[in-house]
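**Student:** Input structure: upload23.txt, which contains compact mmCIF, N, CA and C atoms.
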```
# COMPACT_ATOMS: atom_id res chain seq x y z
N MET A 122 0.81 -1.18 0.00
CA MET A 122 0.00 0.00 0.00
C MET A 122 0.87 1.27 0.00
N ARG A 123 1.95 1.24 0.81
CA ARG A 123 2.84 2.39 0.85
C ARG A 123 3.56 2.56 -0.48
N GLU A 124 3.92 1.47 -1.12
CA GLU A 124 4.60 1.55 -2.40
C GLU A 124 3.69 2.19 -3.45
N ILE A 125 2.44 1.87 -3.45
CA ILE A 125 1.50 2.45 -4.40
C ILE A 125 1.36 3.95 -4.12
N ARG A 126 1.30 4.34 -2.84
CA ARG A 126 1.17 5.75 -2.49
C ARG A 126 2.41 6.53 -2.94
N LYS A 127 3.62 5.98 -2.77
CA LYS A 127 4.85 6.64 -3.19
C LYS A 127 4.89 6.80 -4.70
N LYS A 128 4.47 5.78 -5.43
CA LYS A 128 4.46 5.86 -6.90
C LYS A 128 3.46 6.91 -7.35
N THR A 129 2.31 7.01 -6.70
CA THR A 129 1.31 7.99 -7.06
C THR A 129 1.81 9.40 -6.77
N GLN A 130 2.48 9.58 -5.65
CA GLN A 130 3.02 10.90 -5.32
C GLN A 130 4.11 11.32 -6.30
N LYS A 131 4.96 10.38 -6.71
CA LYS A 131 6.00 10.71 -7.68
C LYS A 131 5.40 11.06 -9.04
N SER A 132 4.36 10.37 -9.44
CA SER A 132 3.76 10.65 -10.74
C SER A 132 3.02 11.98 -10.73
N ARG A 133 2.55 12.46 -9.58
CA ARG A 133 1.87 13.74 -9.48
C ARG A 133 2.83 14.90 -9.27
N GLY A 134 4.10 14.63 -9.07
CA GLY A 134 5.07 15.69 -8.87
C GLY A 134 5.30 16.01 -7.42
N MET A 135 4.89 15.17 -6.51
CA MET A 135 5.09 15.42 -5.09
C MET A 135 6.40 14.77 -4.66
N ALA A 136 6.93 15.27 -3.56
CA ALA A 136 8.18 14.72 -3.05
C ALA A 136 7.88 13.52 -2.17
N ASP A 137 8.85 12.64 -2.12
CA ASP A 137 8.71 11.53 -1.20
C ASP A 137 9.17 11.98 0.18
N ALA A 138 9.23 11.09 1.09
CA ALA A 138 9.55 11.44 2.47
C ALA A 138 10.93 12.07 2.59
N SER A 139 11.89 11.66 1.77
CA SER A 139 13.24 12.23 1.86
C SER A 139 13.33 13.59 1.16
N GLY A 140 12.45 13.91 0.21
CA GLY A 140 12.43 15.19 -0.48
C GLY A 140 13.54 15.34 -1.50
N SER A 141 14.15 14.25 -1.92
CA SER A 141 15.31 14.34 -2.80
C SER A 141 14.93 14.53 -4.26
N ASP A 142 13.80 14.02 -4.68
CA ASP A 142 13.44 14.07 -6.10
C ASP A 142 12.15 14.86 -6.28
N ILE A 143 12.28 16.17 -6.35
CA ILE A 143 11.11 17.02 -6.54
C ILE A 143 10.95 17.27 -8.03
N ARG A 144 9.79 16.90 -8.57
CA ARG A 144 9.53 17.06 -10.00
C ARG A 144 8.21 17.80 -10.19
N LEU A 145 8.17 18.58 -11.23
CA LEU A 145 6.96 19.31 -11.58
C LEU A 145 6.70 19.02 -13.05
N TYR A 146 5.61 18.34 -13.34
CA TYR A 146 5.24 17.92 -14.69
C TYR A 146 6.35 17.11 -15.35
N GLY A 147 7.01 16.29 -14.58
CA GLY A 147 8.02 15.40 -15.12
C GLY A 147 9.39 16.03 -15.31
N VAL A 148 9.57 17.29 -14.91
CA VAL A 148 10.85 17.98 -15.05
C VAL A 148 11.35 18.33 -13.65
N LYS A 149 12.65 18.15 -13.43
CA LYS A 149 13.20 18.52 -12.14
C LYS A 149 13.01 20.01 -11.89
N LYS A 150 12.76 20.36 -10.65
CA LYS A 150 12.48 21.74 -10.30
C LYS A 150 13.68 22.65 -10.57
N GLU A 151 14.90 22.17 -10.32
CA GLU A 151 16.10 22.99 -10.56
C GLU A 151 16.25 23.28 -12.06
N THR A 152 16.00 22.29 -12.89
CA THR A 152 16.11 22.47 -14.33
C THR A 152 15.06 23.46 -14.82
N LEU A 153 13.86 23.37 -14.28
CA LEU A 153 12.79 24.27 -14.67
C LEU A 153 13.13 25.71 -14.29
N MET A 154 13.67 25.92 -13.10
CA MET A 154 14.04 27.26 -12.65
C MET A 154 15.15 27.85 -13.52
N LYS A 155 16.11 27.04 -13.92
CA LYS A 155 17.19 27.51 -14.78
C LYS A 155 16.64 27.96 -16.13
N LYS A 156 15.69 27.21 -16.66
CA LYS A 156 15.10 27.57 -17.94
C LYS A 156 14.29 28.86 -17.84
N VAL A 157 13.56 29.04 -16.75
CA VAL A 157 12.77 30.25 -16.56
C VAL A 157 13.69 31.47 -16.44
N ILE A 158 14.75 31.34 -15.67
CA ILE A 158 15.70 32.44 -15.50
C ILE A 158 16.37 32.78 -16.82
N LEU A 159 16.75 31.79 -17.59
CA LEU A 159 17.36 32.01 -18.90
C LEU A 159 16.39 32.72 -19.84
N PHE A 160 15.14 32.29 -19.85
CA PHE A 160 14.14 32.91 -20.71
C PHE A 160 13.91 34.36 -20.33
N LEU A 161 13.80 34.65 -19.03
CA LEU A 161 13.56 36.03 -18.58
C LEU A 161 14.75 36.93 -18.88
N SER A 162 15.97 36.43 -18.72
CA SER A 162 17.14 37.27 -19.02
C SER A 162 17.24 37.56 -20.51
N ILE A 163 16.93 36.60 -21.35
CA ILE A 163 16.93 36.83 -22.80
C ILE A 163 15.84 37.84 -23.17
N ALA A 164 14.69 37.73 -22.55
CA ALA A 164 13.60 38.67 -22.84
C ALA A 164 13.98 40.09 -22.45
N VAL A 165 14.65 40.26 -21.32
CA VAL A 165 15.07 41.60 -20.89
C VAL A 165 16.08 42.18 -21.86
N VAL A 166 17.03 41.38 -22.31
CA VAL A 166 18.04 41.86 -23.26
C VAL A 166 17.39 42.26 -24.58
N VAL A 167 16.48 41.45 -25.08
CA VAL A 167 15.82 41.75 -26.35
C VAL A 167 14.99 43.02 -26.24
N MET A 168 14.29 43.20 -25.15
CA MET A 168 13.47 44.40 -24.97
C MET A 168 14.33 45.65 -24.85
N SER A 169 15.45 45.55 -24.16
CA SER A 169 16.30 46.74 -24.00
C SER A 169 16.97 47.11 -25.32
N VAL A 170 17.35 46.14 -26.12
CA VAL A 170 17.95 46.43 -27.42
C VAL A 170 16.93 47.08 -28.35
N SER A 171 15.71 46.59 -28.34
CA SER A 171 14.70 47.18 -29.21
C SER A 171 14.33 48.59 -28.74
N ALA A 172 14.37 48.85 -27.45
CA ALA A 172 14.09 50.20 -26.94
C ALA A 172 15.21 51.15 -27.33
N PHE A 173 16.45 50.68 -27.30
CA PHE A 173 17.58 51.53 -27.68
C PHE A 173 17.57 51.80 -29.18
N ALA A 174 17.16 50.82 -29.97
CA ALA A 174 17.15 50.97 -31.42
C ALA A 174 16.00 51.85 -31.90
N ALA A 175 15.05 52.15 -31.02
CA ALA A 175 13.93 52.99 -31.42
C ALA A 175 14.38 54.40 -31.79
N GLU A 176 15.46 54.87 -31.16
CA GLU A 176 15.98 56.20 -31.46
C GLU A 176 17.30 56.03 -32.19
N LEU A 177 17.25 56.12 -33.50
CA LEU A 177 18.46 55.94 -34.30
C LEU A 177 19.32 57.21 -34.26
N PRO A 178 20.63 57.04 -34.13
CA PRO A 178 21.50 58.22 -34.07
C PRO A 178 21.65 58.89 -35.42
N ASP A 179 21.78 60.22 -35.40
CA ASP A 179 22.00 61.00 -36.60
C ASP A 179 23.50 61.13 -36.80
N ALA A 180 24.00 60.69 -37.95
CA ALA A 180 25.44 60.63 -38.19
C ALA A 180 26.10 62.00 -38.17
N SER A 181 25.44 63.01 -38.73
CA SER A 181 26.05 64.34 -38.76
C SER A 181 26.12 64.94 -37.36
N LYS A 182 25.09 64.70 -36.54
CA LYS A 182 25.13 65.22 -35.18
C LYS A 182 26.16 64.48 -34.34
N ALA A 183 26.32 63.18 -34.59
CA ALA A 183 27.33 62.42 -33.87
C ALA A 183 28.73 62.91 -34.24
N ALA A 184 28.95 63.20 -35.51
CA ALA A 184 30.25 63.71 -35.94
C ALA A 184 30.52 65.09 -35.36
N SER A 185 29.49 65.93 -35.28
CA SER A 185 29.69 67.25 -34.71
C SER A 185 29.95 67.16 -33.20
N LYS A 186 29.34 66.17 -32.55
CA LYS A 186 29.61 65.96 -31.12
C LYS A 186 31.06 65.54 -30.91
N PHE A 187 31.56 64.66 -31.77
CA PHE A 187 32.96 64.24 -31.66
C PHE A 187 33.90 65.40 -31.92
N SER A 188 33.61 66.20 -32.94
CA SER A 188 34.49 67.34 -33.25
C SER A 188 34.41 68.40 -32.15
N ARG A 189 33.25 68.58 -31.54
CA ARG A 189 33.11 69.50 -30.42
C ARG A 189 33.98 69.03 -29.25
N GLY A 190 33.98 67.72 -29.00
CA GLY A 190 34.80 67.17 -27.93
C GLY A 190 36.29 67.33 -28.22
N ALA A 191 36.69 67.08 -29.47
CA ALA A 191 38.10 67.25 -29.84
C ALA A 191 38.51 68.71 -29.71
N SER A 192 37.64 69.61 -30.10
CA SER A 192 37.93 71.04 -29.98
C SER A 192 38.06 71.45 -28.51
N ASN A 193 37.21 70.92 -27.66
CA ASN A 193 37.29 71.25 -26.24
C ASN A 193 38.57 70.71 -25.60
N VAL A 194 38.99 69.54 -26.00
CA VAL A 194 40.23 68.98 -25.46
C VAL A 194 41.42 69.79 -25.96
N ALA A 195 41.42 70.15 -27.22
CA ALA A 195 42.56 70.86 -27.80
C ALA A 195 42.67 72.30 -27.30
N THR A 196 41.55 72.94 -27.01
CA THR A 196 41.58 74.36 -26.63
C THR A 196 41.19 74.61 -25.18
N CYS A 197 41.25 73.58 -24.35
CA CYS A 197 40.84 73.76 -22.95
C CYS A 197 41.74 74.77 -22.23
N TRP A 198 42.98 74.89 -22.63
CA TRP A 198 43.90 75.85 -22.01
C TRP A 198 43.43 77.29 -22.21
N GLY A 199 42.58 77.53 -23.19
CA GLY A 199 42.07 78.87 -23.45
C GLY A 199 41.17 79.39 -22.34
N GLU A 200 40.76 78.52 -21.43
CA GLU A 200 39.94 78.98 -20.30
C GLU A 200 40.72 79.95 -19.42
N TYR A 201 42.05 79.82 -19.37
CA TYR A 201 42.84 80.79 -18.60
C TYR A 201 42.64 82.19 -19.17
N ILE A 202 42.57 82.29 -20.49
CA ILE A 202 42.43 83.60 -21.14
C ILE A 202 41.01 84.13 -20.98
N THR A 203 40.02 83.27 -21.16
CA THR A 203 38.63 83.74 -21.07
C THR A 203 38.20 84.06 -19.65
N GLN A 204 38.83 83.44 -18.65
CA GLN A 204 38.46 83.68 -17.26
C GLN A 204 39.21 84.85 -16.65
N LEU A 205 40.25 85.36 -17.32
CA LEU A 205 41.05 86.45 -16.77
C LEU A 205 40.24 87.72 -16.51
N PRO A 206 39.44 88.22 -17.45
CA PRO A 206 38.66 89.44 -17.15
C PRO A 206 37.69 89.25 -15.99
N LYS A 207 37.06 88.09 -15.90
CA LYS A 207 36.12 87.84 -14.80
C LYS A 207 36.85 87.79 -13.47
N SER A 208 38.07 87.22 -13.47
CA SER A 208 38.85 87.13 -12.23
C SER A 208 39.30 88.51 -11.77
N ILE A 209 39.72 89.35 -12.69
CA ILE A 209 40.19 90.69 -12.32
C ILE A 209 39.03 91.56 -11.86
N GLU A 210 37.85 91.43 -12.49
CA GLU A 210 36.69 92.21 -12.09
C GLU A 210 36.22 91.87 -10.67
N SER A 211 36.37 90.61 -10.29
CA SER A 211 35.88 90.20 -8.97
C SER A 211 36.94 90.35 -7.88
N SER A 212 38.14 90.87 -8.21
CA SER A 212 39.21 91.02 -7.24
C SER A 212 39.47 92.51 -6.95
N PRO A 213 40.01 92.81 -5.76
CA PRO A 213 40.26 94.22 -5.43
C PRO A 213 41.43 94.83 -6.21
N ASP A 214 42.43 94.02 -6.60
CA ASP A 214 43.55 94.55 -7.37
C ASP A 214 43.99 93.52 -8.42
N TYR A 215 44.91 93.94 -9.27
CA TYR A 215 45.33 93.08 -10.39
C TYR A 215 46.11 91.85 -9.93
N LEU A 216 46.96 91.99 -8.95
CA LEU A 216 47.76 90.86 -8.48
C LEU A 216 46.85 89.76 -7.92
N THR A 217 45.89 90.14 -7.12
CA THR A 217 44.94 89.16 -6.58
C THR A 217 44.12 88.55 -7.70
N GLY A 218 43.78 89.34 -8.70
CA GLY A 218 43.03 88.82 -9.85
C GLY A 218 43.81 87.78 -10.63
N PHE A 219 45.14 88.02 -10.81
CA PHE A 219 45.96 87.03 -11.52
C PHE A 219 46.11 85.74 -10.72
N VAL A 220 46.29 85.86 -9.42
CA VAL A 220 46.39 84.66 -8.57
C VAL A 220 45.06 83.91 -8.58
N TYR A 221 43.97 84.66 -8.46
CA TYR A 221 42.64 84.04 -8.49
C TYR A 221 42.39 83.38 -9.85
N ASN A 222 42.91 83.99 -10.92
CA ASN A 222 42.73 83.43 -12.26
C ASN A 222 43.44 82.09 -12.41
N ILE A 223 44.55 81.88 -11.70
CA ILE A 223 45.24 80.59 -11.77
C ILE A 223 44.32 79.48 -11.30
N PHE A 224 43.66 79.70 -10.18
CA PHE A 224 42.77 78.67 -9.65
C PHE A 224 41.49 78.55 -10.47
N ARG A 225 40.90 79.68 -10.81
CA ARG A 225 39.67 79.67 -11.61
C ARG A 225 39.93 79.10 -12.99
N GLY A 226 41.00 79.51 -13.63
CA GLY A 226 41.34 79.00 -14.96
C GLY A 226 41.64 77.51 -14.94
N THR A 227 42.32 77.04 -13.90
CA THR A 227 42.61 75.61 -13.79
C THR A 227 41.32 74.81 -13.64
N ALA A 228 40.40 75.28 -12.82
CA ALA A 228 39.13 74.57 -12.63
C ALA A 228 38.34 74.51 -13.93
N PHE A 229 38.26 75.64 -14.64
CA PHE A 229 37.50 75.66 -15.89
C PHE A 229 38.21 74.87 -16.99
N THR A 230 39.55 74.84 -16.96
CA THR A 230 40.30 74.06 -17.94
C THR A 230 40.05 72.56 -17.75
N VAL A 231 40.10 72.13 -16.51
CA VAL A 231 39.84 70.71 -16.21
C VAL A 231 38.42 70.35 -16.59
N ARG A 232 37.47 71.24 -16.30
CA ARG A 232 36.07 70.97 -16.65
C ARG A 232 35.89 70.85 -18.16
N ARG A 233 36.48 71.77 -18.92
CA ARG A 233 36.32 71.73 -20.37
C ARG A 233 37.01 70.50 -20.97
N ALA A 234 38.16 70.13 -20.45
CA ALA A 234 38.85 68.93 -20.94
C ALA A 234 38.04 67.67 -20.63
N ALA A 235 37.47 67.60 -19.43
CA ALA A 235 36.65 66.43 -19.06
C ALA A 235 35.40 66.33 -19.92
N VAL A 236 34.75 67.46 -20.18
CA VAL A 236 33.56 67.45 -21.04
C VAL A 236 33.94 67.08 -22.47
N GLY A 237 35.10 67.54 -22.92
CA GLY A 237 35.56 67.17 -24.25
C GLY A 237 35.82 65.68 -24.37
N LEU A 238 36.46 65.10 -23.36
CA LEU A 238 36.67 63.64 -23.37
C LEU A 238 35.35 62.90 -23.33
N TYR A 239 34.41 63.38 -22.53
CA TYR A 239 33.08 62.77 -22.46
C TYR A 239 32.40 62.80 -23.82
N ASP A 240 32.47 63.94 -24.51
CA ASP A 240 31.86 64.04 -25.84
C ASP A 240 32.53 63.10 -26.84
N MET A 241 33.85 62.97 -26.75
CA MET A 241 34.56 62.10 -27.69
C MET A 241 34.26 60.63 -27.44
N VAL A 242 34.08 60.24 -26.18
CA VAL A 242 33.80 58.84 -25.87
C VAL A 242 32.35 58.48 -26.18
N THR A 243 31.42 59.39 -25.93
CA THR A 243 29.99 59.07 -26.08
C THR A 243 29.39 59.61 -27.37
N PHE A 244 30.22 59.94 -28.37
CA PHE A 244 29.65 60.53 -29.58
C PHE A 244 28.68 59.63 -30.34
N PRO A 245 28.77 58.29 -30.29
CA PRO A 245 27.77 57.50 -31.03
C PRO A 245 26.38 57.49 -30.39
N PHE A 246 26.29 57.90 -29.14
CA PHE A 246 25.03 57.81 -28.41
C PHE A 246 24.39 59.19 -28.26
N PRO A 247 23.08 59.31 -28.43
CA PRO A 247 22.40 60.62 -28.32
C PRO A 247 22.19 61.04 -26.86
N VAL A 248 23.29 61.15 -26.12
CA VAL A 248 23.22 61.54 -24.72
C VAL A 248 24.06 62.78 -24.54
N PRO A 249 23.63 63.87 -23.96
CA PRO A 249 22.26 64.21 -23.58
C PRO A 249 21.33 64.28 -24.78
N ALA A 250 20.09 64.55 -24.54
CA ALA A 250 19.06 64.46 -25.58
C ALA A 250 19.47 65.18 -26.86
N LYS A 251 19.44 64.43 -27.94
CA LYS A 251 19.70 64.94 -29.29
C LYS A 251 21.07 65.61 -29.42
N TYR A 252 22.07 65.03 -28.76
CA TYR A 252 23.47 65.49 -28.88
C TYR A 252 23.66 66.94 -28.42
N ALA A 253 22.89 67.39 -27.47
CA ALA A 253 23.01 68.76 -26.97
C ALA A 253 24.35 68.94 -26.26
N PRO A 254 24.90 70.15 -26.27
CA PRO A 254 26.17 70.38 -25.57
C PRO A 254 25.99 70.27 -24.05
N VAL A 255 27.03 69.82 -23.38
CA VAL A 255 26.96 69.64 -21.94
C VAL A 255 27.18 70.97 -21.22
N ILE A 256 28.09 71.81 -21.74
CA ILE A 256 28.36 73.11 -21.13
C ILE A 256 28.15 74.21 -22.16
N GLU A 257 27.92 75.40 -21.66
CA GLU A 257 27.76 76.57 -22.54
C GLU A 257 28.88 77.55 -22.24
N PRO A 258 29.49 78.17 -23.19
CA PRO A 258 29.42 77.91 -24.62
C PRO A 258 30.02 76.54 -24.93
N GLU A 259 29.53 75.95 -26.00
CA GLU A 259 29.94 74.57 -26.27
C GLU A 259 31.42 74.44 -26.62
N THR A 260 32.05 75.48 -27.14
CA THR A 260 33.50 75.51 -27.34
C THR A 260 34.02 76.89 -26.96
N ILE A 261 35.32 77.00 -26.82
CA ILE A 261 35.93 78.30 -26.48
C ILE A 261 35.73 79.29 -27.62
N VAL A 262 35.81 78.81 -28.84
CA VAL A 262 35.76 79.71 -30.00
C VAL A 262 34.35 80.08 -30.39
N THR A 263 33.34 79.60 -29.71
CA THR A 263 31.96 79.93 -30.05
C THR A 263 31.70 81.42 -29.91
N LYS A 264 32.14 82.03 -28.83
CA LYS A 264 31.94 83.46 -28.64
C LYS A 264 32.70 84.27 -29.68
N THR A 265 33.86 83.79 -30.07
CA THR A 265 34.67 84.48 -31.08
C THR A 265 34.02 84.40 -32.46
N MET A 266 33.40 83.29 -32.74
CA MET A 266 32.82 83.07 -34.07
C MET A 266 31.45 83.72 -34.24
N GLU A 267 30.75 84.05 -33.17
CA GLU A 267 29.39 84.62 -33.28
C GLU A 267 29.35 85.91 -34.12
N PRO A 268 30.24 86.89 -33.90
CA PRO A 268 30.17 88.10 -34.72
C PRO A 268 30.48 87.82 -36.20
N LEU A 269 31.28 86.81 -36.47
CA LEU A 269 31.65 86.52 -37.85
C LEU A 269 30.54 85.82 -38.62
N THR A 270 29.63 85.15 -37.92
CA THR A 270 28.56 84.41 -38.60
C THR A 270 27.30 85.23 -38.80
N ARG A 271 27.26 86.43 -38.29
CA ARG A 271 26.05 87.25 -38.43
C ARG A 271 26.00 87.93 -39.77
```
The structure given in the file should be rewritten as structure tokens.
**Tutor:**
Amino acid sequence: MREIRKKTQKSRGMADASGSDIRLYGVKKETLMKKVILFLSIAVVVMSVSAFAAELPDASKAASKFSRGASNVATCWGEYITQLPKSIESSPDYLTGFVYNIFRGTAFTVRRAAVGLYDMVTFPFPVPAKYAPVIEPETIVTKTMEPLTR
């Protein structure tokens, strides 16, 4: 009688007294869980790829983002020159303004170089939205070029 009960429990997917062979619809529970996890991870990857592909990058904007980054890296030292008038205006005398400009210019130079590297590394991706510049003005020469383009 006990043998019949054990066979019936095994055929229904129940565990026996030792609990060693747990089956669900004839498949081991560990194997079933592995398959479910594999299916869910593949589904997440496929959905994320299709969501990323929904916004196709514009090649000309990506190229301009890369060139903007290269320009920022190449001309980041120009921040010392552009920050000098602001440093002198906010200081009581010229000597203090020049010393203040060393620190202010260094901070702005590092910021512009870092943003330039960021633009060069992330140029294939539309980040920030639609390849917008991260800092304003987007390059050092932007202010210089404005009167010439009018």
**Student:** For a test of reading the model, state the distance in Å between atom CA of Ile202 of chain A and atom CA of Thr263 of chain A, rounded to one decimal.
**Tutor:**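 One can read the atom CA of Ile202 of chain A to atom CA of Thr263 of chain A distance as 14.2 Å.
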**Student:** Which residues come within 6.5 Å of segment 203-212 of chain A, counting all atoms listed in the file, excluding same-chain residues fewer than 2 positions away, as a list of chain:residue names?
**Tutor:**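 With the cut-off at 6.5 Å, the set is A:Gly199, A:Glu200, A:Tyr201, A:Asp214, A:Tyr215, A:Thr217, A:Gly218, A:Phe219, A:Tyr221, A:Asn222, A:Arg225, A:Gly226.
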**Student:** What's the separation between atom CA of Asn193 of chain A and atom CA of Gly237 of chain A, in Å to one decimal place?
**Tutor:**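 We find that atom CA of Asn193 of chain A and atom CA of Gly237 of chain A lie 4.9 Å from each other.
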**Student:** So what do you get for atom C of Pro247 of chain A versus atom N of Ser181 of chain A, distance-wise?
**Tutor:**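 These two atoms are separated by 12.5 Å.
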**Student:** Return the single residue from A:Ile256, A:Lys149, A:Ile163, A:Thr196 that is closest to Val236 of chain A, with distances computed using only N, CA and C atoms.
**Tutor:**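 Nearest candidate to Val236 of chain A out of A:Ile256, A:Lys149, A:Ile163, A:Thr196: A:Ile256.
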**Student:** Give the helix (DSSP H, G or I) residues of segment 151-249 of chain A, as DSSP finds them on the backbone, and put them as an MDAnalysis selection string.
**Tutor:** chainID A and resid 151:174 180:195 197:210 215:242
**Student:** Show me, as a list of chain:residue names, the residues that have an atom within 6 Å of segment 186-191 of chain A when counting only C-alpha atoms, minus same-chain residues fewer than 6 positions from it.
**Tutor:** A:Gly237, A:Asp240, A:Met241, A:Phe244
**Student:** Choose the residue, out of A:Pro213, A:Trp198, A:Pro249, A:Val167, that has the smallest atom-to-atom separation from Phe229 of chain A; count all atoms listed in the file.
**Tutor:**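 Looking only at the distances to Phe229 of chain A, the closest residue turns out to be A:Trp198.
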